[in-house]
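A.B. asks: start.pdb is reproduced below (PDB, C-alpha atoms).
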ATOM      1  CA  MET A   1      -2.412  36.795 -34.899  1.00  0.00           C
ATOM      2  CA  LYS A   2      -3.660  37.072 -31.322  1.00  0.00           C
ATOM      3  CA  LEU A   3      -6.818  35.089 -32.097  1.00  0.00           C
ATOM      4  CA  SER A   4      -4.854  32.175 -33.567  1.00  0.00           C
ATOM      5  CA  TYR A   5      -2.515  32.230 -30.543  1.00  0.00           C
ATOM      6  CA  PHE A   6      -5.553  32.184 -28.230  1.00  0.00           C
ATOM      7  CA  LEU A   7      -7.159  29.308 -30.163  1.00  0.00           C
ATOM      8  CA  THR A   8      -3.898  27.360 -30.025  1.00  0.00           C
ATOM      9  CA  ILE A   9      -3.721  27.795 -26.245  1.00  0.00           C
ATOM     10  CA  VAL A  10      -7.374  26.748 -25.843  1.00  0.00           C
ATOM     11  CA  PHE A  11      -6.786  23.684 -28.034  1.00  0.00           C
ATOM     12  CA  VAL A  12      -3.665  22.639 -26.115  1.00  0.00           C
ATOM     13  CA  LEU A  13      -5.400  23.100 -22.768  1.00  0.00           C
ATOM     14  CA  GLY A  14      -8.407  21.124 -24.015  1.00  0.00           C
ATOM     15  CA  VAL A  15      -6.250  18.247 -25.207  1.00  0.00           C
ATOM     16  CA  THR A  16      -4.292  18.289 -21.952  1.00  0.00           C
ATOM     17  CA  SER A  17      -7.445  18.145 -19.842  1.00  0.00           C
ATOM     18  CA  VAL A  18      -8.865  15.282 -21.913  1.00  0.00           C
ATOM     19  CA  ALA A  19      -5.572  13.401 -21.706  1.00  0.00           C
ATOM     20  CA  SER A  20      -5.340  13.849 -17.941  1.00  0.00           C
ATOM     21  CA  ALA A  21      -8.947  12.669 -17.492  1.00  0.00           C
ATOM     22  CA  GLN A  22      -7.956   9.360 -19.029  1.00  0.00           C
ATOM     23  CA  GLU A  23      -4.620   8.640 -17.392  1.00  0.00           C
ATOM     24  CA  PRO A  24      -3.089   5.371 -18.544  1.00  0.00           C
ATOM     25  CA  HIS A  25      -3.214   2.453 -16.113  1.00  0.00           C
ATOM     26  CA  ARG A  26       0.162   1.635 -14.563  1.00  0.00           C
ATOM     27  CA  MET A  27       1.129  -0.281 -11.438  1.00  0.00           C
ATOM     28  CA  HIS A  28       4.125   2.049 -10.958  1.00  0.00           C
ATOM     29  CA  PRO A  29       5.602   4.955 -12.965  1.00  0.00           C
ATOM     30  CA  GLY A  30       7.881   2.721 -15.072  1.00  0.00           C
ATOM     31  CA  ASP A  31       5.233   0.116 -15.903  1.00  0.00           C
ATOM     32  CA  LEU A  32       3.689  -0.511 -19.323  1.00  0.00           C
ATOM     33  CA  ALA A  33       0.969   2.131 -19.801  1.00  0.00           C
ATOM     34  CA  LEU A  34      -2.462   0.803 -20.766  1.00  0.00           C
ATOM     35  CA  SER A  35      -5.425   2.764 -22.113  1.00  0.00           C
ATOM     36  CA  ILE A  36      -8.111   0.942 -20.137  1.00  0.00           C
ATOM     37  CA  ASP A  37     -10.660   3.637 -21.062  1.00  0.00           C
ATOM     38  CA  ASN A  38     -10.180   2.988 -24.797  1.00  0.00           C
ATOM     39  CA  LYS A  39     -13.358   1.018 -25.571  1.00  0.00           C
ATOM     40  CA  ALA A  40     -12.125  -0.157 -28.988  1.00  0.00           C
ATOM     41  CA  LEU A  41      -8.878  -1.524 -27.533  1.00  0.00           C
ATOM     42  CA  VAL A  42     -10.688  -3.186 -24.615  1.00  0.00           C
ATOM     43  CA  SER A  43     -13.201  -4.724 -27.041  1.00  0.00           C
ATOM     44  CA  GLN A  44     -10.406  -6.044 -29.261  1.00  0.00           C
ATOM     45  CA  GLY A  45      -8.754  -7.591 -26.202  1.00  0.00           C
ATOM     46  CA  GLU A  46     -12.049  -9.094 -25.075  1.00  0.00           C
ATOM     47  CA  ASN A  47     -12.569 -10.719 -28.491  1.00  0.00           C
ATOM     48  CA  ILE A  48      -9.055 -12.176 -28.511  1.00  0.00           C
ATOM     49  CA  PHE A  49      -9.410 -13.328 -24.900  1.00  0.00           C
ATOM     50  CA  SER A  50     -12.747 -15.010 -25.676  1.00  0.00           C
ATOM     51  CA  GLU A  51     -11.214 -16.854 -28.600  1.00  0.00           C
ATOM     52  CA  LYS A  52      -7.805 -17.796 -27.184  1.00  0.00           C
ATOM     53  CA  CYS A  53      -7.992 -17.716 -23.374  1.00  0.00           C
ATOM     54  CA  SER A  54     -11.493 -18.159 -21.953  1.00  0.00           C
ATOM     55  CA  ALA A  55     -11.567 -21.945 -22.381  1.00  0.00           C
ATOM     56  CA  CYS A  56      -9.009 -22.183 -19.563  1.00  0.00           C
ATOM     57  CA  HIS A  57      -9.420 -18.872 -17.690  1.00  0.00           C
ATOM     58  CA  GLY A  58     -13.209 -18.555 -17.948  1.00  0.00           C
ATOM     59  CA  GLY A  59     -15.339 -15.776 -19.333  1.00  0.00           C
ATOM     60  CA  ARG A  60     -14.148 -12.333 -18.210  1.00  0.00           C
ATOM     61  CA  GLY A  61     -11.026 -14.065 -16.882  1.00  0.00           C
ATOM     62  CA  VAL A  62     -12.678 -15.076 -13.597  1.00  0.00           C
ATOM     63  CA  GLY A  63     -10.813 -18.378 -13.444  1.00  0.00           C
ATOM     64  CA  THR A  64     -11.801 -22.020 -13.647  1.00  0.00           C
ATOM     65  CA  GLY A  65     -10.559 -25.259 -12.183  1.00  0.00           C
ATOM     66  CA  ARG A  66      -8.045 -25.394 -15.016  1.00  0.00           C
ATOM     67  CA  ALA A  67      -6.544 -21.912 -14.755  1.00  0.00           C
ATOM     68  CA  PRO A  68      -6.481 -18.992 -12.303  1.00  0.00           C
ATOM     69  CA  CYS A  69      -8.478 -15.776 -12.236  1.00  0.00           C
ATOM     70  CA  LEU A  70      -6.860 -13.039 -14.321  1.00  0.00           C
ATOM     71  CA  THR A  71      -9.184 -10.212 -13.272  1.00  0.00           C
ATOM     72  CA  CYS A  72      -8.812 -10.527  -9.488  1.00  0.00           C
ATOM     73  CA  GLY A  73      -5.632  -8.466  -9.105  1.00  0.00           C
ATOM     74  CA  LYS A  74      -3.445 -11.401  -8.116  1.00  0.00           C
ATOM     75  CA  PHE A  75      -1.124 -13.200 -10.489  1.00  0.00           C
ATOM     76  CA  MET A  76       0.776 -16.389  -9.780  1.00  0.00           C
ATOM     77  CA  PHE A  77       3.615 -15.982 -12.257  1.00  0.00           C
ATOM     78  CA  ARG A  78       6.143 -13.155 -12.633  1.00  0.00           C
ATOM     79  CA  GLY A  79       4.161 -10.541 -10.688  1.00  0.00           C
ATOM     80  CA  ASN A  80       1.342  -8.091 -11.011  1.00  0.00           C
ATOM     81  CA  THR A  81       2.616  -5.332 -13.273  1.00  0.00           C
ATOM     82  CA  ASN A  82       1.225  -4.783 -16.755  1.00  0.00           C
ATOM     83  CA  ALA A  83       4.658  -5.537 -18.230  1.00  0.00           C
ATOM     84  CA  GLU A  84       4.905  -8.809 -16.296  1.00  0.00           C
ATOM     85  CA  ILE A  85       1.433  -9.904 -17.405  1.00  0.00           C
ATOM     86  CA  PHE A  86       2.407  -9.052 -20.993  1.00  0.00           C
ATOM     87  CA  GLU A  87       5.557 -11.180 -20.573  1.00  0.00           C
ATOM     88  CA  THR A  88       3.537 -14.108 -19.203  1.00  0.00           C
ATOM     89  CA  VAL A  89       1.174 -14.070 -22.185  1.00  0.00           C
ATOM     90  CA  TYR A  90       4.085 -13.524 -24.578  1.00  0.00           C
ATOM     91  CA  SER A  91       6.316 -16.348 -23.319  1.00  0.00           C
ATOM     92  CA  GLY A  92       3.940 -18.620 -21.386  1.00  0.00           C
ATOM     93  CA  THR A  93       4.462 -20.251 -17.995  1.00  0.00           C
ATOM     94  CA  PRO A  94       6.533 -23.253 -16.973  1.00  0.00           C
ATOM     95  CA  ARG A  95       4.955 -26.423 -15.675  1.00  0.00           C
ATOM     96  CA  ASP A  96       5.029 -26.208 -11.913  1.00  0.00           C
ATOM     97  CA  GLY A  97       3.291 -28.895  -9.912  1.00  0.00           C
ATOM     98  CA  SER A  98       2.894 -26.676  -6.872  1.00  0.00           C
ATOM     99  CA  ARG A  99       1.165 -23.856  -8.789  1.00  0.00           C
ATOM    100  CA  GLY A 100      -0.672 -25.616 -11.563  1.00  0.00           C
ATOM    101  CA  GLY A 101      -0.216 -26.401 -15.213  1.00  0.00           C
ATOM    102  CA  LYS A 102       1.646 -24.887 -18.090  1.00  0.00           C
ATOM    103  CA  MET A 103       0.416 -22.132 -20.379  1.00  0.00           C
ATOM    104  CA  GLY A 104       1.951 -22.003 -23.816  1.00  0.00           C
ATOM    105  CA  ALA A 105       3.512 -18.881 -25.280  1.00  0.00           C
ATOM    106  CA  PHE A 106       1.275 -16.713 -27.454  1.00  0.00           C
ATOM    107  CA  SER A 107       4.111 -14.767 -29.118  1.00  0.00           C
ATOM    108  CA  SER A 108       3.865 -16.882 -32.263  1.00  0.00           C
ATOM    109  CA  ILE A 109       0.066 -16.520 -32.457  1.00  0.00           C
ATOM    110  CA  LEU A 110      -0.556 -12.914 -31.361  1.00  0.00           C
ATOM    111  CA  SER A 111       1.209  -9.671 -32.216  1.00  0.00           C
ATOM    112  CA  ASN A 112       2.560  -7.466 -29.425  1.00  0.00           C
ATOM    113  CA  GLU A 113      -0.350  -5.083 -30.048  1.00  0.00           C
ATOM    114  CA  GLU A 114      -2.863  -7.923 -29.680  1.00  0.00           C
ATOM    115  CA  ILE A 115      -1.249  -9.050 -26.423  1.00  0.00           C
ATOM    116  CA  ILE A 116      -1.399  -5.458 -25.150  1.00  0.00           C
ATOM    117  CA  SER A 117      -5.102  -5.377 -26.012  1.00  0.00           C
ATOM    118  CA  VAL A 118      -5.653  -8.578 -23.998  1.00  0.00           C
ATOM    119  CA  VAL A 119      -3.809  -7.139 -20.984  1.00  0.00           C
ATOM    120  CA  THR A 120      -5.828  -3.918 -21.399  1.00  0.00           C
ATOM    121  CA  PHE A 121      -9.061  -5.936 -21.379  1.00  0.00           C
ATOM    122  CA  LEU A 122      -7.961  -7.783 -18.229  1.00  0.00           C
ATOM    123  CA  ARG A 123      -7.117  -4.556 -16.394  1.00  0.00           C
ATOM    124  CA  ALA A 124     -10.329  -2.820 -17.507  1.00  0.00           C
ATOM    125  CA  THR A 125     -12.380  -5.821 -16.361  1.00  0.00           C
ATOM    126  CA  GLU A 126     -10.495  -5.944 -13.061  1.00  0.00           C
ATOM    127  CA  ARG A 127     -11.211  -2.222 -12.519  1.00  0.00           C
ATOM    128  CA  ASP A 128     -14.914  -2.746 -13.296  1.00  0.00           C
ATOM    129  CA  ARG A 129     -15.150  -5.735 -10.944  1.00  0.00           C
ATOM    130  CA  ILE A 130     -13.557  -3.741  -8.117  1.00  0.00           C
ATOM    131  CA  ALA A 131     -15.809  -0.720  -8.772  1.00  0.00           C
ATOM    132  CA  SER A 132     -18.948  -2.891  -8.719  1.00  0.00           C
ATOM    133  CA  GLY A 133     -17.920  -4.576  -5.461  1.00  0.00           C
ATOM    134  CA  GLU A 134     -17.723  -7.973  -7.151  1.00  0.00           C
ATOM    135  CA  ILE A 135     -14.165  -8.365  -5.838  1.00  0.00           C
ATOM    136  CA  ALA A 136     -12.334  -6.565  -3.057  1.00  0.00           C
ATOM    137  CA  ASP A 137      -9.714  -4.033  -4.094  1.00  0.00           C
ATOM    138  CA  PRO A 138      -6.489  -6.079  -3.872  1.00  0.00           C
ATOM    139  CA  TYR A 139      -4.403  -2.881  -3.984  1.00  0.00           C
ATOM    140  CA  ASN A 140      -6.057  -1.176  -1.009  1.00  0.00           C
ATOM    141  CA  VAL A 141      -3.671  -2.254   1.727  1.00  0.00           C
ATOM    142  CA  ASP A 142      -4.753  -1.649   5.296  1.00  0.00           C
ATOM    143  CA  ASP A 143      -1.664  -0.089   6.889  1.00  0.00           C
ATOM    144  CA  ALA A 144      -3.058  -0.698  10.385  1.00  0.00           C
ATOM    145  CA  ALA A 145      -3.013  -4.437   9.743  1.00  0.00           C
ATOM    146  CA  MET A 146       0.700  -4.199   8.884  1.00  0.00           C
ATOM    147  CA  LYS A 147       1.717  -2.847  12.329  1.00  0.00           C
ATOM    148  CA  PHE A 148       3.178  -5.173  14.923  1.00  0.00           C
ATOM    149  CA  PRO A 149       1.566  -5.204  18.366  1.00  0.00           C
ATOM    150  CA  GLU A 150       3.531  -3.457  21.078  1.00  0.00           C
TER
END
Now that the file is in, can you turn its structure into structure tokens?

C.D. replies:
Amino acid sequence: MKLSYFLTIVFVLGVTSVASAQEPHRMHPGDLALSIDNKALVSQGENIFSEKCSACHGGRGVGTGRAPCLTCGKFMFRGNTNAEIFETVYSGTPRDGSRGGKMGAFSSILSNEEIISVVTFLRATERDRIASGEIADPYNVDDAAMKFPE
């Protein structure tokens, strides 16, 4: 009885440590959680992105003259949370002359799970681009620059 209890505790602790090593990506605690370390999910999103999105947004989502960068940490429509990016892909963007063209809704073409995989791919690629130094970390705000001179 004691051995099985011990093994259960070891198993639970092992699962907990693995889970905490791969925390889901969120912009804030209430945001849509993404498993950006899940290679299969990222790969699925990359395949869908390549087929449906790269013609306008470029390979790896780096942007083109037709559409903005999606892996630079800055989003023109709705905001920069995972949920807001999901909503943009799901319902599209309006035509706005000051910010560019219109993107159609993908809710009739892609399932919610497929859209989540695309957003996961974008966030994983963004993380990799920041880590490699290819782009500056858009989330690292310099507090000193925010202070007013005396």

A.B. asks: Please expand the PyMOL selection byres ((chain A and resi 119) around 8) into the concrete residues it hits in this file, giving the result as a list in words.

C.D. replies: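 Answer for the PyMOL selection byres ((chain A and resi 119) around 8): Gly45, Asn82, Ile85, Phe86, Ile115, Ile116, Ser117, Val118, Thr120, Phe121, Leu122 and Arg123 of chain A.
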
A.B. asks: Using only C-alpha atoms and a cutoff of 8 Å, can you tell me which residues are near (-11.4, -26.7, -16.1) in the file's coordinates, and write them out as JSON, numbers by chain?

C.D. replies: {"A": [55, 56, 64, 65, 66, 67]}

A.B. asks: Restricting the output to C-alpha atoms, write the selected residues as a compact mmCIF listing (two decimals), in the frame of the given file.

C.D. replies:
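Everything below was put into result13.txt:
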# COMPACT_ATOMS: atom_id res chain seq x y z
CA ALA A 55 -11.57 -21.94 -22.38
CA CYS A 56 -9.01 -22.18 -19.56
CA THR A 64 -11.80 -22.02 -13.65
CA GLY A 65 -10.56 -25.26 -12.18
CA ARG A 66 -8.04 -25.39 -15.02
CA ALA A 67 -6.54 -21.91 -14.76

A.B. asks: Since I can't run it myself right now, could you work out what the PyMOL selection byres ((chain A and resi 104) around 10) selects here and report it as a PyMOL selection string?

C.D. replies: chain A and resi 88-95+101-103+105-107

A.B. asks: I need the chosen residues saved as a compact mmCIF listing (two decimals), in the frame of the given file, with C-alpha atoms.

C.D. replies:
# COMPACT_ATOMS: atom_id res chain seq x y z
CA THR A 88 3.54 -14.11 -19.20
CA VAL A 89 1.17 -14.07 -22.18
CA TYR A 90 4.08 -13.52 -24.58
CA SER A 91 6.32 -16.35 -23.32
CA GLY A 92 3.94 -18.62 -21.39
CA THR A 93 4.46 -20.25 -18.00
CA PRO A 94 6.53 -23.25 -16.97
CA ARG A 95 4.96 -26.42 -15.68
CA GLY A 101 -0.22 -26.40 -15.21
CA LYS A 102 1.65 -24.89 -18.09
CA MET A 103 0.42 -22.13 -20.38
CA ALA A 105 3.51 -18.88 -25.28
CA PHE A 106 1.27 -16.71 -27.45
CA SER A 107 4.11 -14.77 -29.12

A.B. asks: I want to know what sits within 12 Å of Lys74 of chain A, based on only C-alpha atoms, with residues of the same chain fewer than 4 positions away left out; could you give that as a PDB file with C-alpha atoms, in the coordinates of the input?

C.D. replies:
ATOM      1  CA  GLY A  61     -11.026 -14.065 -16.882  1.00  0.00           C
ATOM      2  CA  VAL A  62     -12.678 -15.076 -13.597  1.00  0.00           C
ATOM      3  CA  GLY A  63     -10.813 -18.378 -13.444  1.00  0.00           C
ATOM      4  CA  PRO A  68      -6.481 -18.992 -12.303  1.00  0.00           C
ATOM      5  CA  CYS A  69      -8.478 -15.776 -12.236  1.00  0.00           C
ATOM      6  CA  LEU A  70      -6.860 -13.039 -14.321  1.00  0.00           C
ATOM      7  CA  ARG A  78       6.143 -13.155 -12.633  1.00  0.00           C
ATOM      8  CA  GLY A  79       4.161 -10.541 -10.688  1.00  0.00           C
ATOM      9  CA  ASN A  80       1.342  -8.091 -11.011  1.00  0.00           C
ATOM     10  CA  THR A  81       2.616  -5.332 -13.273  1.00  0.00           C
ATOM     11  CA  ASN A  82       1.225  -4.783 -16.755  1.00  0.00           C
ATOM     12  CA  GLU A  84       4.905  -8.809 -16.296  1.00  0.00           C
ATOM     13  CA  ILE A  85       1.433  -9.904 -17.405  1.00  0.00           C
ATOM     14  CA  LEU A 122      -7.961  -7.783 -18.229  1.00  0.00           C
ATOM     15  CA  ARG A 123      -7.117  -4.556 -16.394  1.00  0.00           C
ATOM     16  CA  GLU A 126     -10.495  -5.944 -13.061  1.00  0.00           C
ATOM     17  CA  ILE A 135     -14.165  -8.365  -5.838  1.00  0.00           C
ATOM     18  CA  ALA A 136     -12.334  -6.565  -3.057  1.00  0.00           C
ATOM     19  CA  ASP A 137      -9.714  -4.033  -4.094  1.00  0.00           C
ATOM     20  CA  PRO A 138      -6.489  -6.079  -3.872  1.00  0.00           C
ATOM     21  CA  TYR A 139      -4.403  -2.881  -3.984  1.00  0.00           C
TER      22      TYR A 139
END

A.B. asks: Let me have the centre and edge lengths of the axis-aligned box enclosing all listed atoms of segment 65-80 of chain A with 8 Å padding on every side, in Å to one decimal, as JSON.

C.D. replies:
{"center_x": -2.2, "center_y": -16.7, "center_z": -11.6, "size_x": 32.7, "size_y": 33.3, "size_z": 22.9}
